[in-house]
>>> print(open('coords-v6.txt').read())   # compact mmCIF, C-alpha atoms and all ligand atoms
# COMPACT_ATOMS: atom_id res chain seq x y z
CA MET S 1 65.51 0.76 9.37
CA LYS S 2 61.98 2.06 8.87
CA ILE S 3 58.93 0.16 10.18
CA LYS S 4 55.36 0.56 9.01
CA TYR S 5 52.90 2.49 11.22
CA LYS S 6 50.11 0.11 12.21
CA GLY S 7 48.12 2.14 14.73
CA ASN S 8 47.62 1.40 18.40
CA LEU S 9 45.40 -1.68 18.17
CA LEU S 10 45.67 -2.60 21.84
CA LYS S 11 44.31 0.77 22.95
CA LEU S 12 41.63 0.62 20.27
CA ALA S 13 40.59 -2.84 21.49
CA TYR S 14 40.21 -1.65 25.09
CA GLN S 15 38.24 1.43 24.07
CA SER S 16 36.00 -0.58 21.73
CA VAL S 17 35.19 -3.16 24.41
CA VAL S 18 34.22 -0.43 26.90
CA PHE S 19 31.93 1.28 24.39
CA ALA S 20 30.47 -2.04 23.22
CA LEU S 21 29.56 -2.90 26.83
CA LEU S 22 27.95 0.49 27.43
CA PHE S 23 26.05 0.23 24.16
CA PHE S 24 24.88 -3.28 25.08
CA MET S 25 23.57 -2.02 28.43
CA LEU S 26 21.67 0.81 26.75
CA ILE S 27 20.11 -1.47 24.15
CA ARG S 28 19.15 -4.06 26.78
CA PHE S 29 17.57 -1.34 28.92
CA TRP S 30 15.67 -0.10 25.91
CA LEU S 31 14.34 -3.58 25.06
CA ASP S 32 13.79 -4.90 28.59
CA LYS S 33 12.20 -2.41 30.98
CA SER S 34 12.70 -4.75 33.96
CA TYR S 35 16.50 -4.48 33.52
CA THR S 36 18.23 -1.75 35.52
CA PRO S 37 21.65 -0.96 34.07
CA ASP S 38 24.43 0.03 36.44
CA PHE S 39 26.68 2.34 34.45
CA GLU S 40 28.97 2.72 37.46
CA ALA S 41 29.35 -1.01 38.11
CA TYR S 42 33.15 -0.77 37.82
CA CYS S 43 33.66 2.96 38.41
CA PRO S 44 37.04 3.30 40.18
CA PHE S 45 36.56 6.94 41.22
CA GLY S 46 33.15 6.22 42.76
CA GLY S 47 34.70 3.26 44.57
CA LEU S 48 37.50 5.36 46.04
CA GLN S 49 35.04 7.98 47.23
CA ALA S 50 32.94 5.20 48.78
CA LEU S 51 36.01 3.89 50.59
CA GLY S 52 36.68 7.41 51.89
CA SER S 53 33.13 7.79 53.19
CA PHE S 54 33.34 4.31 54.75
CA LEU S 55 36.52 5.29 56.62
CA ASN S 56 35.04 8.64 57.66
CA LEU S 57 31.39 7.78 58.34
CA GLY S 58 31.24 3.99 58.37
CA SER S 59 28.92 3.90 55.33
CA LEU S 60 29.48 3.51 51.58
CA SER S 61 28.40 6.21 49.12
CA CYS S 62 25.29 5.86 46.96
CA SER S 63 25.17 2.48 45.19
CA MET S 64 28.90 1.77 45.46
CA THR S 65 30.06 -1.69 46.55
CA THR S 66 33.33 -3.46 47.28
CA MET S 67 33.68 -4.15 43.54
CA GLN S 68 34.15 -0.46 42.69
CA ILE S 69 36.40 0.00 45.73
CA MET S 70 38.73 -2.81 44.64
CA MET S 71 38.78 -1.53 41.06
CA GLY S 72 39.67 1.93 42.39
CA LEU S 73 42.43 0.60 44.62
CA MET S 74 43.91 -1.53 41.84
CA LEU S 75 43.90 1.36 39.37
CA LEU S 76 45.45 3.72 41.94
CA LEU S 77 48.13 1.12 42.59
CA ALA S 78 48.66 0.94 38.83
CA ALA S 79 49.01 4.74 38.73
CA ALA S 80 51.55 4.70 41.55
CA LEU S 81 53.60 1.83 40.11
CA PHE S 82 53.30 2.39 36.35
CA SER S 83 51.06 5.21 35.15
CA LYS S 84 47.46 6.34 34.67
CA LEU S 85 46.49 3.28 32.63
CA PHE S 86 42.75 3.75 33.26
CA CYS S 87 42.89 7.19 31.60
CA ALA S 88 44.77 5.84 28.58
CA TYR S 89 42.79 2.72 27.80
CA ILE S 90 39.39 2.64 29.49
CA CYS S 91 37.95 6.02 30.48
CA PRO S 92 34.98 6.78 28.18
CA LEU S 93 35.46 10.53 28.65
CA GLY S 94 39.13 10.20 27.63
CA THR S 95 38.11 8.27 24.51
CA ILE S 96 35.49 10.87 23.58
CA SER S 97 38.00 13.68 24.16
CA GLU S 98 40.50 11.92 21.91
CA LEU S 99 37.97 11.33 19.13
CA THR S 100 36.77 14.93 19.32
CA GLY S 101 40.39 16.04 19.13
CA LYS S 102 40.96 13.95 15.99
CA ILE S 103 38.03 15.71 14.33
CA ALA S 104 39.60 19.03 15.32
CA ASP S 105 42.91 17.92 13.78
CA LYS S 106 41.17 17.17 10.49
CA LEU S 107 39.40 20.53 10.60
CA ARG S 108 42.67 22.24 11.66
CA ILE S 109 40.97 24.15 14.44
CA ARG S 110 43.24 22.98 17.26
CA VAL S 111 44.72 25.68 19.50
CA LYS S 112 47.76 25.09 21.73
CA ILE S 113 47.37 26.45 25.25
CA ASN S 114 50.10 28.84 26.29
CA GLU S 115 52.31 27.72 29.18
CA SER S 116 51.37 30.74 31.27
CA VAL S 117 47.70 29.66 31.05
CA ASP S 118 48.39 25.92 31.28
CA GLY S 119 49.82 26.14 34.82
CA PRO S 120 46.92 28.01 36.49
CA LEU S 121 44.32 25.95 34.58
CA ARG S 122 45.75 22.73 36.01
CA ALA S 123 44.65 23.93 39.47
CA VAL S 124 40.96 23.59 38.54
CA LYS S 125 40.93 19.79 38.65
CA TYR S 126 42.47 19.84 42.15
CA MET S 127 39.74 22.27 43.31
CA LEU S 128 37.10 19.92 41.89
CA LEU S 129 38.84 16.96 43.54
CA PHE S 130 38.83 18.72 46.91
CA ALA S 131 35.14 19.68 46.66
CA THR S 132 34.15 16.22 45.39
CA LEU S 133 36.00 14.35 48.13
CA TYR S 134 34.97 16.71 50.91
CA PHE S 135 31.23 16.65 50.16
CA THR S 136 31.17 12.90 49.43
CA LEU S 137 33.20 11.89 52.48
CA THR S 138 30.97 13.92 54.78
CA SER S 139 27.62 12.83 53.32
CA SER S 140 27.98 9.34 51.77
CA GLU S 141 26.39 10.75 48.59
CA LEU S 142 28.48 10.91 45.41
CA PHE S 143 28.90 14.64 44.91
CA CYS S 144 30.47 14.20 41.44
CA ARG S 145 27.16 12.81 40.11
CA LYS S 146 25.82 16.36 40.16
CA PHE S 147 28.05 17.40 37.27
CA ASP S 148 29.66 14.21 35.88
CA PRO S 149 29.02 14.33 32.09
CA TYR S 150 29.41 10.54 31.82
CA TYR S 151 26.82 9.81 34.52
CA ALA S 152 24.44 12.46 33.18
CA ALA S 153 24.64 11.17 29.60
CA MET S 154 24.33 7.47 30.45
CA THR S 155 21.44 7.87 32.91
CA GLY S 156 19.60 10.45 30.79
CA PHE S 157 20.16 13.11 33.48
CA GLY S 158 19.23 10.77 36.37
CA SER S 159 17.84 11.92 39.70
CA ASP S 160 21.21 12.84 41.30
CA VAL S 161 22.23 15.06 38.38
CA VAL S 162 21.98 18.85 38.55
CA VAL S 163 20.98 19.41 34.93
CA PHE S 164 22.49 22.89 34.69
CA TYR S 165 25.92 21.77 36.01
CA ALA S 166 25.90 18.63 33.87
CA LEU S 167 25.01 20.54 30.70
CA ILE S 168 27.87 22.97 31.32
CA ALA S 169 30.21 20.01 31.90
CA ILE S 170 29.09 18.30 28.66
CA VAL S 171 29.58 21.49 26.64
CA ILE S 172 33.04 22.04 28.18
CA LEU S 173 33.98 18.39 27.56
CA LEU S 174 33.07 18.50 23.86
CA ALA S 175 33.95 22.10 22.97
CA GLY S 176 37.10 22.08 25.12
CA SER S 177 38.42 18.84 23.58
CA LEU S 178 37.62 20.13 20.11
CA ILE S 179 39.75 23.23 20.48
CA PHE S 180 42.39 22.12 23.00
CA ARG S 181 44.04 18.71 23.39
CA LEU S 182 42.36 16.61 26.10
CA PHE S 183 41.06 19.73 27.81
CA TRP S 184 38.83 17.79 30.23
CA CYS S 185 41.52 15.28 31.22
CA ARG S 186 44.28 17.81 31.76
CA TYR S 187 42.36 20.57 33.52
CA LEU S 188 39.04 19.37 34.90
CA CYS S 189 38.97 15.67 35.71
CA PRO S 190 39.04 15.12 39.52
CA PHE S 191 40.01 11.46 39.06
CA GLY S 192 42.94 12.65 36.93
CA ALA S 193 44.00 14.89 39.83
CA LEU S 194 43.74 11.99 42.28
CA THR S 195 45.81 9.66 40.10
CA ASN S 196 48.37 12.43 39.60
CA ILE S 197 48.76 12.70 43.38
CA PHE S 198 49.49 8.96 43.39
CA ARG S 199 52.13 9.45 40.72
CA TYR S 200 54.05 11.28 43.47
CA PHE S 201 53.38 8.33 45.73
CA TRP S 202 56.01 8.93 48.44
CA TRP S 203 54.71 12.43 49.08
CA PHE S 204 51.16 11.15 49.38
CA ALA S 205 52.29 8.32 51.69
CA GLY S 206 54.27 10.76 53.86
CA LEU S 207 51.29 13.10 54.27
CA SER S 208 49.03 10.18 55.16
CA VAL S 209 51.45 8.86 57.79
CA ILE S 210 51.64 12.34 59.40
CA TYR S 211 47.82 12.61 59.46
CA VAL S 212 47.36 9.15 60.99
CA ALA S 213 50.15 9.76 63.55
CA LEU S 214 48.66 13.09 64.66
CA ASN S 215 45.23 11.52 65.09
CA ALA S 216 46.73 8.59 66.99
CA ALA S 217 48.43 11.14 69.27
CA GLY S 218 44.99 12.49 70.20
CA LEU S 219 44.82 15.54 67.90
CA LYS S 220 41.43 15.38 66.22
CA ILE S 221 42.27 16.98 62.88
CA PRO S 222 39.19 17.80 60.78
CA LEU S 223 39.04 15.99 57.45
CA VAL S 224 39.14 19.24 55.52
CA TYR S 225 42.85 19.76 56.36
CA PRO S 226 44.31 16.52 54.97
CA LEU S 227 42.11 16.86 51.87
CA LEU S 228 43.37 20.41 51.37
CA ALA S 229 46.96 19.26 51.89
CA TYR S 230 46.61 16.50 49.26
CA ALA S 231 44.98 18.83 46.74
CA VAL S 232 47.35 21.78 47.19
CA SER S 233 50.53 19.69 47.32
CA GLY S 234 49.36 17.61 44.35
CA TYR S 235 48.98 20.77 42.30
CA VAL S 236 52.32 22.22 43.42
CA LEU S 237 54.12 18.94 42.61
CA GLU S 238 52.43 18.77 39.20
CA ILE S 239 53.66 22.26 38.38
CA LEU S 240 57.17 21.94 39.85
CA ARG S 241 57.91 18.35 38.83
CA MET S 242 55.82 18.04 35.67
CA ASN S 243 58.65 16.39 33.72
CA ARG S 244 60.20 14.51 36.60
CA VAL S 245 57.75 11.96 37.93
CA SER S 246 59.64 9.36 39.91
CA PRO S 247 59.87 6.55 40.56
CA SER S 248 58.76 5.61 37.08
CA PRO S 249 59.73 1.94 36.64
CA VAL S 250 57.83 1.65 33.34
CA ARG S 251 58.54 4.53 30.97
CA ILE S 252 58.94 5.47 27.32
CA THR S 253 62.62 5.64 26.27
CA ARG S 254 64.13 7.16 23.14
CA ASN S 255 67.35 5.97 21.54
CA GLU S 256 69.08 9.19 20.47
CA ASP S 257 71.50 7.31 18.17
CA THR S 258 68.78 5.95 15.88
CA CYS S 259 66.25 8.79 16.23
CA THR S 260 65.93 10.87 13.06
CA SER S 261 64.07 13.73 14.78
CA CYS S 262 61.09 13.28 12.47
CA ASN S 263 58.84 14.48 15.33
CA LEU S 264 56.08 11.95 14.58
CA CYS S 265 56.05 10.78 18.20
CA THR S 266 55.42 14.29 19.48
CA SER S 267 52.75 15.09 16.95
CA ASN S 268 50.94 11.80 17.69
CA CYS S 269 51.03 12.12 21.46
CA PRO S 270 47.46 12.91 22.62
CA GLN S 271 48.94 14.73 25.61
CA GLU S 272 51.15 17.07 23.52
CA ILE S 273 54.29 15.81 25.26
CA SER S 274 57.52 16.68 23.42
CA VAL S 275 58.61 13.05 23.21
CA ALA S 276 61.13 13.77 20.43
CA GLU S 277 63.12 16.00 22.78
CA MET S 278 63.29 13.57 25.68
CA LYS S 279 65.62 10.71 26.45
CA GLU S 280 62.91 9.17 28.58
CA VAL S 281 59.35 10.35 29.19
CA ARG S 282 58.70 11.09 32.85
CA HIS S 283 55.97 13.65 32.24
CA ILE S 284 52.97 13.68 34.61
CA ASP S 285 50.57 13.56 31.64
CA CYS S 286 52.12 10.43 30.10
CA ASN S 287 49.70 7.58 30.70
CA LEU S 288 51.62 4.96 28.68
CA CYS S 289 48.95 4.92 25.98
CA GLY S 290 51.63 3.84 23.49
CA ASP S 291 50.56 6.09 20.60
CA CYS S 292 54.08 7.50 20.26
CA LEU S 293 55.56 3.99 20.10
CA HIS S 294 53.28 3.08 17.22
CA ALA S 295 53.99 6.35 15.42
CA CYS S 296 57.77 6.02 15.45
CA PRO S 297 59.00 4.74 12.07
CA GLU S 298 62.50 3.79 13.25
CA LYS S 299 63.25 0.31 14.57
CA ASP S 300 64.35 -0.03 18.22
CA THR S 301 64.18 3.72 18.75
CA LEU S 302 61.13 4.52 20.83
CA GLN S 303 60.58 1.72 23.33
CA ILE S 304 59.47 0.90 26.82
CA ASN S 305 62.45 0.65 29.18
CA ARG S 306 64.68 0.29 26.07
CA ARG S 307 62.96 -2.94 25.12
CA ASN S 308 60.34 -3.84 22.53
CA ILE S 309 57.58 -4.53 25.03
CA ARG S 310 54.90 -2.10 23.85
CA TRP S 311 52.24 -4.62 24.96
CA LEU S 312 53.33 -4.27 28.60
CA PRO S 313 51.04 -1.37 29.75
CA GLY S 314 47.96 -3.07 28.28
CA ALA S 315 48.92 -6.38 29.91
CA LEU S 316 49.53 -4.69 33.26
CA LEU S 317 46.13 -3.02 33.04
CA ALA S 318 44.45 -6.36 32.30
CA ALA S 319 46.21 -7.90 35.33
CA MET S 320 45.06 -5.04 37.60
CA ILE S 321 41.47 -5.29 36.35
CA ILE S 322 41.38 -9.06 36.89
CA ALA S 323 42.84 -8.61 40.39
CA GLY S 324 40.19 -5.94 41.11
CA LEU S 325 37.37 -8.19 39.87
CA ILE S 326 38.57 -11.13 41.97
CA LEU S 327 39.08 -9.07 45.14
CA GLY S 328 35.77 -7.26 44.58
CA SER S 329 33.90 -10.56 44.44
CA VAL S 330 35.67 -12.01 47.51
CA PHE S 331 35.26 -9.17 50.03
CA GLU S 332 32.09 -7.30 50.87
CA LEU S 333 31.53 -4.15 52.93
CA PRO S 334 28.05 -3.14 54.07
CA THR S 335 26.59 0.10 52.69
CA ILE S 336 25.34 0.91 56.17
CA ASN S 337 25.88 -0.98 59.41
CA VAL S 338 23.77 0.60 62.16
CA LYS S 339 22.79 -0.65 65.61
CA TRP S 340 20.32 1.05 67.94
CA GLY S 341 19.64 -1.66 70.53
CA THR S 342 21.12 -1.54 74.04
CA GLU S 343 24.25 -3.55 74.83
CA GLU S 344 22.15 -6.23 76.48
CA GLN S 345 19.68 -6.42 73.56
CA LEU S 346 22.51 -6.65 71.05
CA SER S 347 24.30 -9.38 73.00
CA GLN S 348 21.17 -11.57 72.88
CA ALA S 349 20.03 -10.58 69.37
CA LYS S 350 19.72 -13.10 66.55
CA THR S 351 20.62 -12.30 62.93
CA ILE S 352 18.51 -12.96 59.87
CA GLU S 353 19.50 -12.42 56.24
CA VAL S 354 16.93 -11.44 53.64
CA GLU S 355 17.76 -11.32 49.91
CA GLY S 356 16.09 -9.83 46.87
CA LEU S 357 15.16 -6.44 48.32
CA ASN S 358 15.43 -4.58 45.02
CA ASN S 359 14.34 -1.29 46.56
CA VAL S 360 17.39 -1.31 48.86
CA LYS S 361 19.83 -0.18 46.21
CA CYS S 362 21.90 2.70 47.59
CA TYR S 363 22.88 4.63 50.72
CA GLY S 364 19.65 6.69 50.76
CA THR S 365 17.32 3.69 50.47
CA SER S 366 19.41 1.78 53.04
CA VAL S 367 18.88 4.61 55.54
CA MET S 368 15.14 4.66 54.75
CA TYR S 369 14.92 0.91 55.32
CA SER S 370 16.73 1.16 58.65
CA ASP S 371 14.48 4.07 59.72
CA ARG S 372 11.39 1.94 59.07
CA LEU S 373 12.91 -0.93 61.02
CA LYS S 374 13.68 1.30 64.00
CA GLU S 375 9.97 2.04 64.40
CA ILE S 376 9.13 -1.64 64.94
CA GLU S 377 9.56 -3.32 68.29
CA GLY S 378 12.16 -6.07 68.57
CA PHE S 379 14.69 -4.93 65.93
CA TYR S 380 18.10 -3.71 67.05
CA GLY S 381 20.25 -3.14 63.97
CA VAL S 382 20.72 -3.64 60.24
CA SER S 383 23.50 -3.98 57.65
CA THR S 384 22.68 -3.54 53.97
CA TYR S 385 24.57 -4.90 50.95
CA VAL S 386 23.17 -2.96 48.02
CA GLY S 387 25.11 -4.84 45.33
CA LYS S 388 23.14 -7.99 46.21
CA HIS S 389 20.04 -6.16 47.52
CA THR S 390 20.47 -8.03 50.78
CA VAL S 391 19.97 -7.00 54.43
CA LYS S 392 21.15 -8.59 57.66
CA VAL S 393 18.87 -7.69 60.56
CA LEU S 394 19.49 -8.02 64.30
CA TYR S 395 16.25 -8.98 66.08
CA ASP S 396 14.76 -10.31 69.28
CA GLY S 397 14.32 -14.07 68.87
CA THR S 398 11.77 -14.26 71.68
CA LEU S 399 9.41 -11.89 69.82
CA TYR S 400 9.92 -13.38 66.37
CA ASN S 401 10.32 -17.16 66.39
CA ASP S 402 8.90 -17.95 62.95
CA GLU S 403 11.77 -17.30 60.55
CA SER S 404 9.83 -17.53 57.32
CA ALA S 405 7.14 -15.14 58.61
CA LEU S 406 9.88 -12.78 59.74
CA LYS S 407 11.56 -12.94 56.32
CA GLU S 408 8.25 -12.20 54.66
CA MET S 409 7.71 -9.20 56.95
CA LEU S 410 11.21 -7.82 56.35
CA PHE S 411 10.76 -8.31 52.61
CA ARG S 412 7.49 -6.37 52.65
CA LEU S 413 9.12 -3.58 54.61
CA GLN S 414 10.96 -2.47 51.47
CA SER S 415 7.74 -1.25 49.85
CA GLY S 416 7.69 2.51 50.06
CA VAL S 417 11.49 2.57 50.33
CA GLU S 418 12.28 4.38 47.11
CA GLU S 419 14.25 7.39 45.95
S1 LIG F 501 54.33 10.07 25.59
FE1 LIG F 501 53.64 8.35 24.37
S2 LIG F 501 52.78 6.91 25.86
FE2 LIG F 501 52.95 8.90 26.88
S3 LIG F 501 50.97 9.87 26.59
FE3 LIG F 501 52.28 10.56 24.89
S4 LIG F 501 51.85 9.08 23.27
FE4 LIG F 501 51.08 8.18 25.13
S1 LIG F 502 61.63 8.84 18.42
FE1 LIG F 502 60.17 10.34 17.62
S2 LIG F 502 61.42 11.81 16.54
FE2 LIG F 502 62.71 10.00 16.85
S3 LIG F 502 62.41 8.79 15.01
FE3 LIG F 502 60.91 8.06 16.46
S4 LIG F 502 59.08 9.25 16.00
FE4 LIG F 502 60.79 10.30 15.00
>>> encode(input="coords-v6.txt", output="structure tokens", more="lines below")
Ligand code: SF4
Ligand code: SF4
Amino acid sequence: MKIKYKGNLLKLAYQSVVFALLFFMLIRFWLDKSYTPDFEAYCPFGGLQALGSFLNLGSLSCSMTTMQIMMGLMLLLAAALFSKLFCAYICPLGTISELTGKIADKLRIRVKINESVDGPLRAVKYMLLFATLYFTLTSSELFCRKFDPYYAAMTGFGSDVVVFYALIAIVILLAGSLIFRLFWCRYLCPFGALTNIFRYFWWFAGLSVIYVALNAAGLKIPLVYPLLAYAVSGYVLEILRMNRVSPSPVRITRNEDTCTSCNLCTSNCPQEISVAEMKEVRHIDCNLCGDCLHACPEKDTLQINRRNIRWLPGALLAAMIIAGLILGSVFELPTINVKWGTEEQLSQAKTIEVEGLNNVKCYGTSVMYSDRLKEIEGFYGVSTYVGKHTVKVLYDGTLYNDESALKEMLFRLQSGVEE
């Protein structure tokens, strides 16, 4: 029995909400110059890099907070358990690549990349992932901001952007997606590479256990080696097991008895996966976007886990986002947490919290604030929380016994702390 093609409204709704929010932020910024938009407020990749730099250096990257970290962890968990739902439903670059591709389809200028080129090209995103993670985890600055086309476009080529790199990235994003299907996502996106590594979760977990065990045994293994191992093995697994991601508890299934081989699922798959030739889709590029399900005209033929639950990936994504938002608002990690007092000074130090320091907004300004504090007698340490523009300062209570005067002084100390 034939069913009418209605389009993938759930995916469209997610994509529209993301773009509406970004548009709202831009308009508000344009109308209200005192408003500072944070286009990375929920950036999962930035959050994961910040978590890495926290584990390696004890400080968060740039303006990242626990919110982005929790979003990143939830979306990685989603990738390991289900699929790359962020890529399918939320990523603005993915949406732009898809739209550009649709224009190319209308103009009939699409070119299919040959398999012999596809394999080597897939290595590029793992190289970018390695470089991005290595430089971020060893500096607490988000290296990807230098070339990220999203960050460059939304901030109007902000201060961290290397204009030349970003322009090249924007041209590749648009021109690449116009000629080849999802060129950026498949070959260049470092977050795509990271989520792919998590699709082979047991391998990633095994490597991590070995690294932790070797360090616990006293072997100080430089960070570069585990990062290289993740990147190289991720690429090798993607090439060798491209069609065999497992476990894959949520997957697209095709009923061969009712399938008429019309090929609509394959031609509507943004990832160019040959859905019509598969009994179940376990391809590394499948992100459960659901486009194939909506394209199939036959009832009970293309399904999720042989059931009519096409809403499931969208619902799972909503659950992961809500969990990330809740966890991100409950826990809080400091951007920096530095102490320079002696053991005795620290044991007797008092703590004061000062809010509203708008100039303390990232790793760089946190370090500047702490450097200024170090020059003043009677201060022994500081933690900064850039999401709330708050600092917690360790001080000598015998030198400063007027709390409100001290707060005033610490508030004034932020002047001159700017990037
Ligand atoms: S196979 Fe279906 S769900 Fe997977 S990416 Fe292609 S269209 Fe989306
Ligand atoms: S599963 Fe694909 S090929 Fe088979 S009927 Fe549905 S759209 Fe056509």
>>> closest_atom_pairs(input="coords-v6.txt", of="range 182-256 of chain S", to="range 41-50 of chain S", cutoff="10 Å", atoms="all atoms listed in the file", output="Markdown table")
| residue | atom | partner | partner_atom | distance |
| --- | --- | --- | --- | --- |
| S:Pro190 | CA | S:Phe45 | CA | 8.7 |
| S:Phe191 | CA | S:Phe45 | CA | 6.1 |
| S:Gly192 | CA | S:Phe45 | CA | 9.6 |
| S:Leu194 | CA | S:Phe45 | CA | 8.8 |
| S:Thr195 | CA | S:Phe45 | CA | 9.7 |
>>> atom_distance(input="coords-v6.txt", atom1="CA of Thr335 in chain S", atom2="CA of Met70 in chain S")
14.9 Å
>>> residues_around(input="coords-v6.txt", residues="range 73-90 of chain S", least_positions_apart="2", cutoff="9 Å", atoms="only C-alpha atoms", output="number ranges by chain")
S: 10-15, 17-18, 44, 47-48, 68-71, 92-95, 185, 192, 194-201, 247-251, 284-290, 313-314, 316-317, 320-321, 323-324
>>> atom_distance(input="coords-v6.txt", atom1="CA of Val281 in chain S", atom2="CA of Gly176 in chain S")
25.5 Å
>>> residues_near_point(input="coords-v6.txt", point="(69.9, 12.0, 18.6)", cutoff="12 Å", atoms="only C-alpha atoms", output="list in words")
Arg254, Asn255, Glu256, Asp257, Thr258, Cys259, Thr260, Ser261, Cys262, Asn263, Ala276, Glu277, Met278, Lys279, Thr301 and Leu302 of chain S
>>> atom_distance(input="coords-v6.txt", atom1="CA of Ser177 in chain S", atom2="CA of Thr100 in chain S")
6.0 Å
>>> residues_around(input="coords-v6.txt", residues="Tyr165 in chain S", least_positions_apart="6", cutoff="10 Å", atoms="all atoms listed in the file", output="list in words")
Arg145, Lys146, Phe147, Asp148, Pro149 and Ala152 of chain S
>>> write_last_selection(input="coords-v6.txt", atoms="C-alpha atoms", output="PDB file, keeping the file's coordinate frame")
ATOM      1  CA  ARG S 145      27.160  12.810  40.110  1.00  0.00           C
ATOM      2  CA  LYS S 146      25.820  16.360  40.160  1.00  0.00           C
ATOM      3  CA  PHE S 147      28.050  17.400  37.270  1.00  0.00           C
ATOM      4  CA  ASP S 148      29.660  14.210  35.880  1.00  0.00           C
ATOM      5  CA  PRO S 149      29.020  14.330  32.090  1.00  0.00           C
ATOM      6  CA  ALA S 152      24.440  12.460  33.180  1.00  0.00           C
TER       7      ALA S 152
END
>>> residues_around(input="coords-v6.txt", residues="range 118-134 of chain S", least_positions_apart="4", cutoff="8 Å", atoms="only C-alpha atoms", output="ChimeraX atom specification")
/S:49,52,113-114,138,142-144,186-194,223-224,227-228,231-232,234-235,239
>>> closest_residue(input="coords-v6.txt", among="S:Thr351, S:Ser267, S:Ser139, S:Ser16", to="Cys62 in chain S", atoms="all atoms listed in the file")
S:Ser139
>>> closest_residue(input="coords-v6.txt", among="S:Ile103, S:Arg244, S:Phe164, S:Met154", to="Ile27 in chain S", atoms="all atoms listed in the file")
S:Met154
>>> closest_residue(input="coords-v6.txt", among="S:Phe135, S:Tyr35, S:Tyr230, S:Trp311", to="ligand LIG 501 (chain F)", atoms="only C-alpha atoms and all ligand atoms")
S:Trp311
>>> residues_around(input="coords-v6.txt", residues="range 373-388 of chain S", least_positions_apart="3", cutoff="10 Å", atoms="only C-alpha atoms", output="VMD selection string")
chain S and resid 41 59 to 60 62 to 67 332 to 343 345 to 346 349 to 363 365 to 370 391 to 400 410 413 to 414
>>> closest_residue(input="coords-v6.txt", among="S:Leu264, S:Met409, S:Ala319, S:Leu207", to="ligand LIG 501 (chain F)", atoms="only C-alpha atoms and all ligand atoms")
S:Leu264
>>> closest_residue(input="coords-v6.txt", among="S:Leu406, S:Ile304, S:Leu327, S:Arg241", to="ligand LIG 502 (chain F)", atoms="only C-alpha atoms and all ligand atoms")
S:Ile304
>>> closest_residue(input="coords-v6.txt", among="S:Ser415, S:Gln303, S:Asn401, S:Thr155", to="ligand LIG 501 (chain F)", atoms="all atoms listed in the file")
S:Gln303
